[in-house]
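Remarks on the structure that follows.
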Amino acid sequence: MQASQSPVMATSARPHPFDPITPGEIQLVVRILEETFPGVPLRYKRIDLQEPIKRHVVAYLEAERLRKPLPPRPSRLLFAYFHRLDSGIFYKALLNADTKSAIHIKELPAHVQGPIDVDEVTEIEALCLRHPAVLAEIEKLKLPPGMSVCNDPWMYGSDDENETRRLFQCFMYITEVDHPENNHYSLPCKFSPVFNAITQELVRMDYLPGGGDSQVTETQPWKTVKTIQYAHDLLDEPLRKDLKPYIVQQPEGASFSVDGNFVYWQKWRFRVGFNNREGLVLYNLTYDNRNVFYRLSVSEMTVPYGDPRAPYHRKQAFDVGDAGFGLNANQLTLGCDCLGHIKYFDGYRTDSKGNPVLLKNIICMHEQDNGLQHKHTNYRSGAATVVRNRQLVLQMICTVANYEYIFAYIFDQAANVELEVRATGILSTVPFDNENGQTVAWGTNVGPGVMAPFHQHMFSLRIDPALDGFKNTVYYEDSVPMPEDENNPWLVGYTTEQTVISKSGTANTDISRHRVFKIRNDNVINPITYKPIAYKLQTAPSQMLLMSKNAMGYRRAEFATKPIWVTKYRDDELYAAGEFTNQSRRAEGVETWVQRNDNTENEDVVLWHTFGLTHNPRIEDFPIMPMERISVMLKPDGFFTKNPALDVPASAQSFNKSTLHSQPAPAPAAACCSGAGGTIKAKLYKRID
């Protein structure tokens, strides 16, 4: 990396304040806690980086950006969630890695349930399959030889204010063939055991409805149904043979530079972070050495299901707070998940005993071409300026049981940042007696004996802005017709109205008014527009949470009831539905923080954007779902004095080396930027002359 591209770096081996947790730090936390609880068996749920206190780290970041001597680095903080196995008490510990000491260790209330860990899911799955009551239900199925039963342990959800046990609901499925990609979701069973994860006791056996009402029956012998498979070597039909290779090559390597987790690409600089909960986090984003964003992350996601029958009424996953995007991130593979010249980033988690576990290649970074950046042909001369849109992509893919979520932050040369979310994987299915043509209003029959209920995927993008400084203002701008008066005699004029969100609160999107949300710095005025410099949030207008306000699931996910939330920054407020979502009774997140009625004008503010998919499954979504895409974008709006991508070199065949598809007697091809032949309008203009 060239010295001019890199900020001033610390000379010691100590991690940067935003670097992900290291194996040594995980081991340090375990050592401190085991010394604090001598002889007490502990079970670790999470050990991870605690965000540095913002006011302590800003001076450090500014010295890096301005290439000045670095001040003392802020304290490196870590946290741990863990259980005492002798008493079952749940704790949170905050530790200082520099002093190698605990700051505090707090016992959490009995109703607080920590997130799920990988070992726990494996243990519950195995417990379920060996429990006598479950084996008795499996025996009732009278399965043919070679077939077996598996299960998905689900976070239990909530429907009882007084429930304090740590519960899992196991949904059972029949496995037709012994194959690693067998689609067991095609053959759901009608019994579902509930287990206490702490005592490992069977709480009860739920029997699932098989029709449109909530009526249930005891387990009956299985009626033979063929699995609807998706794995290529289990398909009945042959694969296509007319697809030619598509090879992405960069013979001189990529245009980005990397120093640890620091990335420099074009005029962008930022740090790649990772934690077990949110997964990919971006820190300290600058463009052309100007501060743009302090932190970007997907802070929460909830998936409430619309099936009104018990026990499906509790089916509401919080895939960030309950499970963890980082914990469930895929190990990515060259030539499959990312194409081209790839840089990978790793991460770490801890197992239940406190051992560090390497998460290999969980974030991929590469460049891609996204069509034209800008083009104009001068119709008088036929001369054309063509610039292609090179982008930098950072991608993470998470598998949460049946679903896959693909998250990509996409940077371009015109200072735009896009968050693209794609949903794929397999629908969460339920058993349904549809052989007589029966259907329900809240789901889709996707195969014999199997139905996919309607559901929503609601995401929260957390935007911590730093536009030329750390005091910003959020407002929205509507496009409205001008009054019918002497200033608008022909009745065609329209203008804009700005509404500042001066106190912590919420706002709605409004397509009818072309409502645009913007972040501005009132202390920095653009010398051309005479307005404060700003970025705009190109929202994804989405249907908000559909369940009743009286439902417990509504209270658990109030972030999903409004598309826009604005809060004043506080260090511990990172997650839209609060810190603990598993079996929560109500959220303690944005809906709580906005009630402080904080001043948010020209302050250190956070903008939260809720967006999502209302997914009413199609039969074409089964047995594996073609990706569903949704995106939001952050775009400069008066941040610059002209198009910031004017200095991107023109597109040329000598650089791109495209090839021509061979055809009989091909016509001569004009160079893409030569303007040869001009446009029709240009030809007419010359003919008139």
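For the structure tokens, the naming scheme is as follows: chains receive sequential letters (A, B, ...) according to their order of presentation, residues are indexed from 1 within each chain, and ligands are indexed from 1 in presentation order.
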* For range 553-566 of chain A, please output as a VMD selection string all residues within 9 Å (counting only C-alpha atoms; exclusion window: fewer than 5 positions along the same chain). => chain A and resid 157 to 159 300 to 302 304 313 to 314 316 318 458 to 460 474 501 503 to 509 517 539 to 548 576 to 577 581 583 to 591 594 600 605 to 612
* Asked: Would you give me, as a VMD selection string, the residues in range 547-664 of chain A that DSSP reads as alpha helix (DSSP H)?
  -> chain A and resid 552 to 556 590 to 593 653 to 656
* Among range 391-450 of chain A, which residues carry a DSSP assignment of strand (DSSP E), reported as a PyMOL selection string? -> chain A and resi 391-400+403-412+417-425+430-431+443-447+450
Go ahead and save the picked residues with C-alpha atoms, as a PDB file, in the first residue's frame.
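The result, stored in part.pdb:
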ATOM      1  CA  GLN A 391     -18.041  -0.678  -7.818  1.00  0.00           C
ATOM      2  CA  LEU A 392     -16.497  -2.192  -4.718  1.00  0.00           C
ATOM      3  CA  VAL A 393     -18.612  -4.877  -3.038  1.00  0.00           C
ATOM      4  CA  LEU A 394     -18.314  -6.257   0.499  1.00  0.00           C
ATOM      5  CA  GLN A 395     -20.557  -9.278   0.902  1.00  0.00           C
ATOM      6  CA  MET A 396     -21.621 -11.570   3.726  1.00  0.00           C
ATOM      7  CA  ILE A 397     -24.032 -14.525   3.450  1.00  0.00           C
ATOM      8  CA  CYS A 398     -25.858 -15.874   6.502  1.00  0.00           C
ATOM      9  CA  THR A 399     -27.714 -19.158   6.813  1.00  0.00           C
ATOM     10  CA  VAL A 400     -30.304 -19.082   9.588  1.00  0.00           C
ATOM     11  CA  TYR A 403     -33.209 -19.131   4.956  1.00  0.00           C
ATOM     12  CA  GLU A 404     -30.155 -17.482   3.420  1.00  0.00           C
ATOM     13  CA  TYR A 405     -29.610 -13.732   3.568  1.00  0.00           C
ATOM     14  CA  ILE A 406     -27.048 -12.058   1.336  1.00  0.00           C
ATOM     15  CA  PHE A 407     -25.852  -8.646   2.488  1.00  0.00           C
ATOM     16  CA  ALA A 408     -23.734  -6.495   0.182  1.00  0.00           C
ATOM     17  CA  TYR A 409     -22.448  -2.995   0.802  1.00  0.00           C
ATOM     18  CA  ILE A 410     -21.712  -1.501  -2.604  1.00  0.00           C
ATOM     19  CA  PHE A 411     -19.490   1.556  -3.028  1.00  0.00           C
ATOM     20  CA  ASP A 412     -19.156   3.469  -6.282  1.00  0.00           C
ATOM     21  CA  VAL A 417     -23.170   3.618  -0.788  1.00  0.00           C
ATOM     22  CA  GLU A 418     -25.822   0.967  -1.384  1.00  0.00           C
ATOM     23  CA  LEU A 419     -26.963  -1.768   0.960  1.00  0.00           C
ATOM     24  CA  GLU A 420     -28.356  -4.612  -1.122  1.00  0.00           C
ATOM     25  CA  VAL A 421     -30.170  -7.440   0.653  1.00  0.00           C
ATOM     26  CA  ARG A 422     -31.117 -10.663  -1.082  1.00  0.00           C
ATOM     27  CA  ALA A 423     -33.226 -13.410   0.448  1.00  0.00           C
ATOM     28  CA  THR A 424     -33.003 -16.987  -0.803  1.00  0.00           C
ATOM     29  CA  GLY A 425     -32.826 -20.485   0.702  1.00  0.00           C
ATOM     30  CA  VAL A 430     -45.720 -26.643   7.834  1.00  0.00           C
ATOM     31  CA  PRO A 431     -47.713 -29.864   7.350  1.00  0.00           C
ATOM     32  CA  GLY A 443     -50.364 -19.438   3.105  1.00  0.00           C
ATOM     33  CA  THR A 444     -49.594 -21.180  -0.174  1.00  0.00           C
ATOM     34  CA  ASN A 445     -49.623 -24.900  -0.919  1.00  0.00           C
ATOM     35  CA  VAL A 446     -46.145 -25.596  -2.304  1.00  0.00           C
ATOM     36  CA  GLY A 447     -46.340 -29.366  -2.571  1.00  0.00           C
ATOM     37  CA  VAL A 450     -46.850 -29.056   2.681  1.00  0.00           C
TER      38      VAL A 450
END
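Note that CA of Asp468 in chain A and CA of Ile533 in chain A are 8.4 Å apart.
For the pair CA of Lys190 in chain A and CA of Leu208 in chain A, the separation is 4.8 Å.
Relative to CA of Glu35 in chain A, CA of Gly347 in chain A is found at 26.3 Å.
Counting only C-alpha atoms and comparing A:Asn361, A:Gln229, A:Asn196, A:Asn472, the residue that lies closest to Asn599 in chain A is A:Asn472.
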* Taking into account only C-alpha atoms, which residue in the set A:Asp233, A:Ile342, A:Ile363, A:Tyr475 is nearest to Ser257 in chain A? -> A:Ile342
* To do: For Asn643 in chain A, work out the shell of residues within 9 Å, counting only C-alpha atoms and skipping chain neighbours fewer than 3 positions away, then give it as a ChimeraX atom specification.
  => /A:414,640,646
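In this comparison, which uses only C-alpha atoms, the residue of A:Gly260, A:Pro311, A:Pro489, A:Pro17 approaching Lys343 in chain A most closely is A:Gly260.
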* Asked: If we count only C-alpha atoms, what is near Arg520 in chain A at a cut-off of 10 Å, once residues fewer than 5 positions away on the same chain are taken out, given as a PyMOL selection string?
  -> chain A and resi 465-468+471-475+525+531-536+601-602+636-639
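Using only C-alpha atoms, the nearest neighbour of Tyr156 in chain A within the list A:Asp322, A:Glu181, A:Asp19, A:Glu64 is A:Asp322.
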* To do: Name the residues in contact with range 184-188 of chain A at a cut-off of 12 Å, using only C-alpha atoms, excluding same-chain residues fewer than 2 positions from it; report them as a PyMOL selection string.
  => chain A and resi 141+147-152+170-182+190-192+208-210+222-231+401-403+425-433+445-452+622-624
* Among the residues A:Asn597, A:Asn284, A:Thr496, A:Thr614, the one that comes closest to Arg629 in chain A [using only C-alpha atoms] -> A:Thr614
* **Residue neighbourhood range 38-44 of chain A, 12 Å, only C-alpha atoms, exclusion window fewer than 3 positions, as number ranges by chain** => A: 26-27, 29-35, 47-48, 79-93, 114-120, 198, 349-356
